[in-house]
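Below: one structure, written as structure tokens.
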Amino acid sequence: MKRIVDSGEVPGLLAYVNRNPVGWCSVSPREAYPVLERSPTLKKIDDKPAWSVVCFFLTRAYRRKGLMASLLKAAVEYAEEHGAKIVEGYPIDPKNRPMSGSEGFTGVVSAFRKVGFVEVLRRSPSRPIMRYFIN
């Protein structure tokens, strides 16, 4: 992370409530996350350029209050401002498997759907690939 910040790249967005940071979301072009390509579940589905949202953090007091969807909407807007036409996410689907403690760090399907993401592929019962298409 230090290398990314030192490079001048913006690795994500912060969420503030009353001037206090309460959350974070990563968003960058998919190429910034080479680990995705090494995953049989999350590897590319096509050659279309996409941005990826791969991680969230919300302080305990602000979980389950809709902040994840707000961060995700801001991530889409940020990606669009930087030329993105597709934004991908790789959330957990807790309907198909209960989530353990920190497992929701990749987001949850319901937040992605709320913002307008659609499922485009599912190679795992609990981990769909979802996309938001920017006009």
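All residue names refer to the structure tokens as shown: chains lettered A, B, ... in order, residues numbered from 1 in each chain, ligands numbered from 1 in order.
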Write out as a VMD selection string the set of residues from chain A that DSSP, computed on the backbone, places in strand (DSSP E).
chain A and resid 12 to 17 20 to 26 28 to 29 51 to 53 56 to 58 86 to 89 118 to 122 128 to 133
When you look at stretch 111-122 of chain A with a cut-off of 8 Å (counting only C-alpha atoms), what residues show up, excluding the ones that are within fewer than 2 positions of it in the same chain? I need them as JSON, numbers by chain.
{"A": [41, 45, 66, 68, 69, 72, 73, 89, 91, 107, 108, 109, 124, 125, 127, 128, 129, 130, 131, 132, 133]}
Residues as selected, N, CA and C atoms, written as a CSV table (one decimal), in the first residue's frame, can you do that?
```
chain,number,residue,atom,x,y,z
A,41,THR,N,-11.6,-18.3,-9.8
A,41,THR,CA,-13.0,-17.7,-9.7
A,41,THR,C,-13.1,-16.3,-10.2
A,45,ILE,N,-13.2,-12.2,-17.6
A,45,ILE,CA,-14.3,-12.9,-18.3
A,45,ILE,C,-14.3,-12.5,-19.8
A,66,GLY,N,-25.9,1.0,5.3
A,66,GLY,CA,-26.0,1.5,3.9
A,66,GLY,C,-24.8,2.2,3.4
A,68,MET,N,-21.8,1.0,2.8
A,68,MET,CA,-21.1,0.2,1.7
A,68,MET,C,-21.6,0.6,0.3
A,69,ALA,N,-23.0,0.7,0.2
A,69,ALA,CA,-23.5,1.1,-1.1
A,69,ALA,C,-23.2,2.5,-1.4
A,72,LEU,N,-19.6,2.5,-2.7
A,72,LEU,CA,-19.6,1.8,-4.0
A,72,LEU,C,-20.1,2.8,-5.1
A,73,LYS,N,-21.1,3.5,-4.8
A,73,LYS,CA,-21.6,4.5,-5.7
A,73,LYS,C,-20.5,5.6,-6.0
A,89,GLY,N,-17.1,-5.8,-9.5
A,89,GLY,CA,-16.9,-6.2,-8.1
A,89,GLY,C,-17.0,-7.7,-7.9
A,91,PRO,N,-18.3,-9.5,-4.9
A,91,PRO,CA,-18.8,-9.6,-3.5
A,91,PRO,C,-19.2,-11.0,-3.1
A,107,GLY,N,-17.2,-6.9,-0.1
A,107,GLY,CA,-18.6,-6.4,-0.3
A,107,GLY,C,-19.6,-7.5,-0.3
A,108,VAL,N,-20.9,-7.1,-0.3
A,108,VAL,CA,-22.0,-8.1,-0.3
A,108,VAL,C,-22.8,-7.8,-1.5
A,109,VAL,N,-23.4,-8.9,-2.1
A,109,VAL,CA,-24.2,-8.8,-3.3
A,109,VAL,C,-25.3,-7.7,-3.2
A,124,SER,N,-18.3,-19.6,-8.8
A,124,SER,CA,-18.4,-20.1,-7.4
A,124,SER,C,-19.8,-19.8,-6.8
A,125,PRO,N,-20.3,-20.7,-6.1
A,125,PRO,CA,-21.7,-20.5,-5.6
A,125,PRO,C,-21.8,-19.2,-4.7
A,127,ARG,N,-19.5,-16.4,-4.8
A,127,ARG,CA,-18.7,-15.3,-5.3
A,127,ARG,C,-19.0,-15.0,-6.8
A,128,PRO,N,-20.0,-14.1,-7.0
A,128,PRO,CA,-20.3,-13.7,-8.4
A,128,PRO,C,-19.3,-12.6,-8.9
A,129,ILE,N,-19.2,-12.5,-10.2
A,129,ILE,CA,-18.6,-11.3,-10.7
A,129,ILE,C,-19.7,-10.4,-11.2
A,130,MET,N,-19.7,-9.2,-10.7
A,130,MET,CA,-20.8,-8.2,-10.9
A,130,MET,C,-20.2,-7.0,-11.7
A,131,ARG,N,-21.0,-6.5,-12.5
A,131,ARG,CA,-20.5,-5.3,-13.3
A,131,ARG,C,-21.6,-4.2,-13.3
A,132,TYR,N,-21.0,-3.0,-13.3
A,132,TYR,CA,-21.8,-1.8,-13.5
A,132,TYR,C,-21.4,-1.2,-14.9
A,133,PHE,N,-22.3,-1.0,-15.7
A,133,PHE,CA,-22.0,-0.5,-17.1
A,133,PHE,C,-22.3,1.0,-17.2
```
Would you list the contacts of A:Ala61 as a count of residues only, taking every protein, DNA or RNA residue within 12 Å and counting only C-alpha atoms, but skipping same-chain residues closer than 5 positions in sequence?
6
Can you pull out every residue within 10 Å of A:Trp51, counting only C-alpha atoms, but drop anything in the same chain fewer than 5 positions away, and send it as a compact mmCIF listing (two decimals) with C-alpha atoms, in the first residue's frame?
```
# COMPACT_ATOMS: atom_id res chain seq x y z
CA VAL A 27 -11.07 1.22 -6.68
CA SER A 28 -8.56 1.09 -9.54
CA PRO A 29 -8.19 -0.29 -13.04
CA ARG A 30 -8.37 -4.09 -12.89
CA GLU A 31 -4.71 -4.37 -13.93
CA ALA A 32 -3.74 -2.90 -10.55
CA TYR A 33 -4.89 -6.16 -8.94
CA ALA A 75 -16.30 4.41 -6.49
CA VAL A 76 -18.36 4.12 -9.69
CA ALA A 79 -14.00 5.44 -12.02
CA GLU A 80 -16.28 7.15 -14.54
CA HIS A 82 -11.29 8.65 -14.93
CA GLY A 83 -12.66 7.11 -18.12
CA ALA A 84 -14.08 3.79 -16.96
CA LYS A 85 -16.96 2.26 -18.90
CA ILE A 86 -17.21 -0.89 -16.76
CA VAL A 87 -16.71 -1.28 -13.02
CA GLU A 88 -16.45 -4.80 -11.59
CA GLY A 89 -16.92 -6.17 -8.11
CA ARG A 131 -20.53 -5.29 -13.30
CA TYR A 132 -21.79 -1.76 -13.52
```
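With distances taken over only C-alpha atoms, A:Ala15 is the one residue among A:Asn20, A:Ala15, A:Val10, A:Arg38 lying closest to A:Phe57.
The protein and nucleic acid residues lying at most 8 Å from stretch 42-44 of chain A are A:Leu36, A:Glu37, A:Tyr90, A:Arg123, A:Ile129, with only C-alpha atoms considered and sequence neighbours fewer than 5 positions away removed.
Counting from atom CA of A:Ser126, the distance to atom CA of A:Arg60 is 23.6 Å.
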Proximity to A:Arg64 - best of A:Gly104, A:Leu13, A:Asn18, A:Asn135, only C-alpha atoms
A:Gly104
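Proximity of A:Val35, A:Cys55, A:Ala50, A:Leu71 to A:Leu14, computed with only C-alpha atoms, is greatest for A:Leu71.
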Looking at A:Asp93, A:Cys25, A:Pro11, A:Arg19, which one is nearest to A:Ala74, with distances taken over only C-alpha atoms?
A:Cys25
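Relative to atom CA of A:Pro94, atom CA of A:Tyr78 is found at 27.3 Å.
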Could you go through chain A and tell me which residues DSSP, when run on the backbone, assigns to helix (DSSP H, G or I), listing them as a PDB file with C-alpha atoms, in the first residue's frame?
```
ATOM      1  CA  LYS A   2       2.842   2.397   0.820  1.00  0.00           C
ATOM      2  CA  ARG A   3       4.297   1.800  -2.659  1.00  0.00           C
ATOM      3  CA  ILE A   4       0.957   2.628  -4.252  1.00  0.00           C
ATOM      4  CA  VAL A   5       0.479   5.802  -2.232  1.00  0.00           C
ATOM      5  CA  ASP A   6       4.085   6.878  -2.827  1.00  0.00           C
ATOM      6  CA  SER A   7       3.551   6.410  -6.576  1.00  0.00           C
ATOM      7  CA  ARG A  30      -8.372  -4.088 -12.888  1.00  0.00           C
ATOM      8  CA  GLU A  31      -4.705  -4.367 -13.930  1.00  0.00           C
ATOM      9  CA  ALA A  32      -3.745  -2.895 -10.546  1.00  0.00           C
ATOM     10  CA  PRO A  34      -2.871  -8.990 -10.544  1.00  0.00           C
ATOM     11  CA  VAL A  35      -4.111 -11.407  -7.889  1.00  0.00           C
ATOM     12  CA  LEU A  36      -7.502 -11.395  -9.652  1.00  0.00           C
ATOM     13  CA  GLU A  37      -5.985 -13.008 -12.728  1.00  0.00           C
ATOM     14  CA  ARG A  38      -4.419 -15.770 -10.623  1.00  0.00           C
ATOM     15  CA  ARG A  60     -18.003  -1.210  13.453  1.00  0.00           C
ATOM     16  CA  ALA A  61     -20.346   1.648  14.371  1.00  0.00           C
ATOM     17  CA  TYR A  62     -21.145   2.276  10.681  1.00  0.00           C
ATOM     18  CA  LEU A  67     -22.541   3.009   3.887  1.00  0.00           C
ATOM     19  CA  MET A  68     -21.105   0.226   1.719  1.00  0.00           C
ATOM     20  CA  ALA A  69     -23.549   1.114  -1.053  1.00  0.00           C
ATOM     21  CA  SER A  70     -22.684   4.809  -0.685  1.00  0.00           C
ATOM     22  CA  LEU A  71     -18.974   4.038  -0.983  1.00  0.00           C
ATOM     23  CA  LEU A  72     -19.631   1.812  -3.972  1.00  0.00           C
ATOM     24  CA  LYS A  73     -21.634   4.544  -5.710  1.00  0.00           C
ATOM     25  CA  ALA A  74     -18.767   6.985  -5.093  1.00  0.00           C
ATOM     26  CA  ALA A  75     -16.305   4.414  -6.491  1.00  0.00           C
ATOM     27  CA  VAL A  76     -18.361   4.119  -9.689  1.00  0.00           C
ATOM     28  CA  GLU A  77     -18.458   7.915 -10.028  1.00  0.00           C
ATOM     29  CA  TYR A  78     -14.707   8.149  -9.447  1.00  0.00           C
ATOM     30  CA  ALA A  79     -13.996   5.440 -12.024  1.00  0.00           C
ATOM     31  CA  GLU A  80     -16.278   7.148 -14.541  1.00  0.00           C
ATOM     32  CA  GLU A  81     -14.483  10.479 -13.991  1.00  0.00           C
ATOM     33  CA  GLU A 103     -15.261 -12.180   4.949  1.00  0.00           C
ATOM     34  CA  GLY A 104     -17.490  -9.313   3.824  1.00  0.00           C
ATOM     35  CA  PHE A 105     -14.425  -7.177   3.074  1.00  0.00           C
ATOM     36  CA  THR A 106     -15.048  -7.726  -0.658  1.00  0.00           C
ATOM     37  CA  VAL A 109     -24.179  -8.765  -3.286  1.00  0.00           C
ATOM     38  CA  SER A 110     -27.092  -6.726  -1.910  1.00  0.00           C
ATOM     39  CA  ALA A 111     -25.005  -3.515  -1.787  1.00  0.00           C
ATOM     40  CA  PHE A 112     -23.814  -4.032  -5.356  1.00  0.00           C
ATOM     41  CA  ARG A 113     -27.361  -4.650  -6.598  1.00  0.00           C
ATOM     42  CA  LYS A 114     -28.620  -1.571  -4.758  1.00  0.00           C
ATOM     43  CA  VAL A 115     -26.157   0.582  -6.724  1.00  0.00           C
TER      44      VAL A 115
END
```
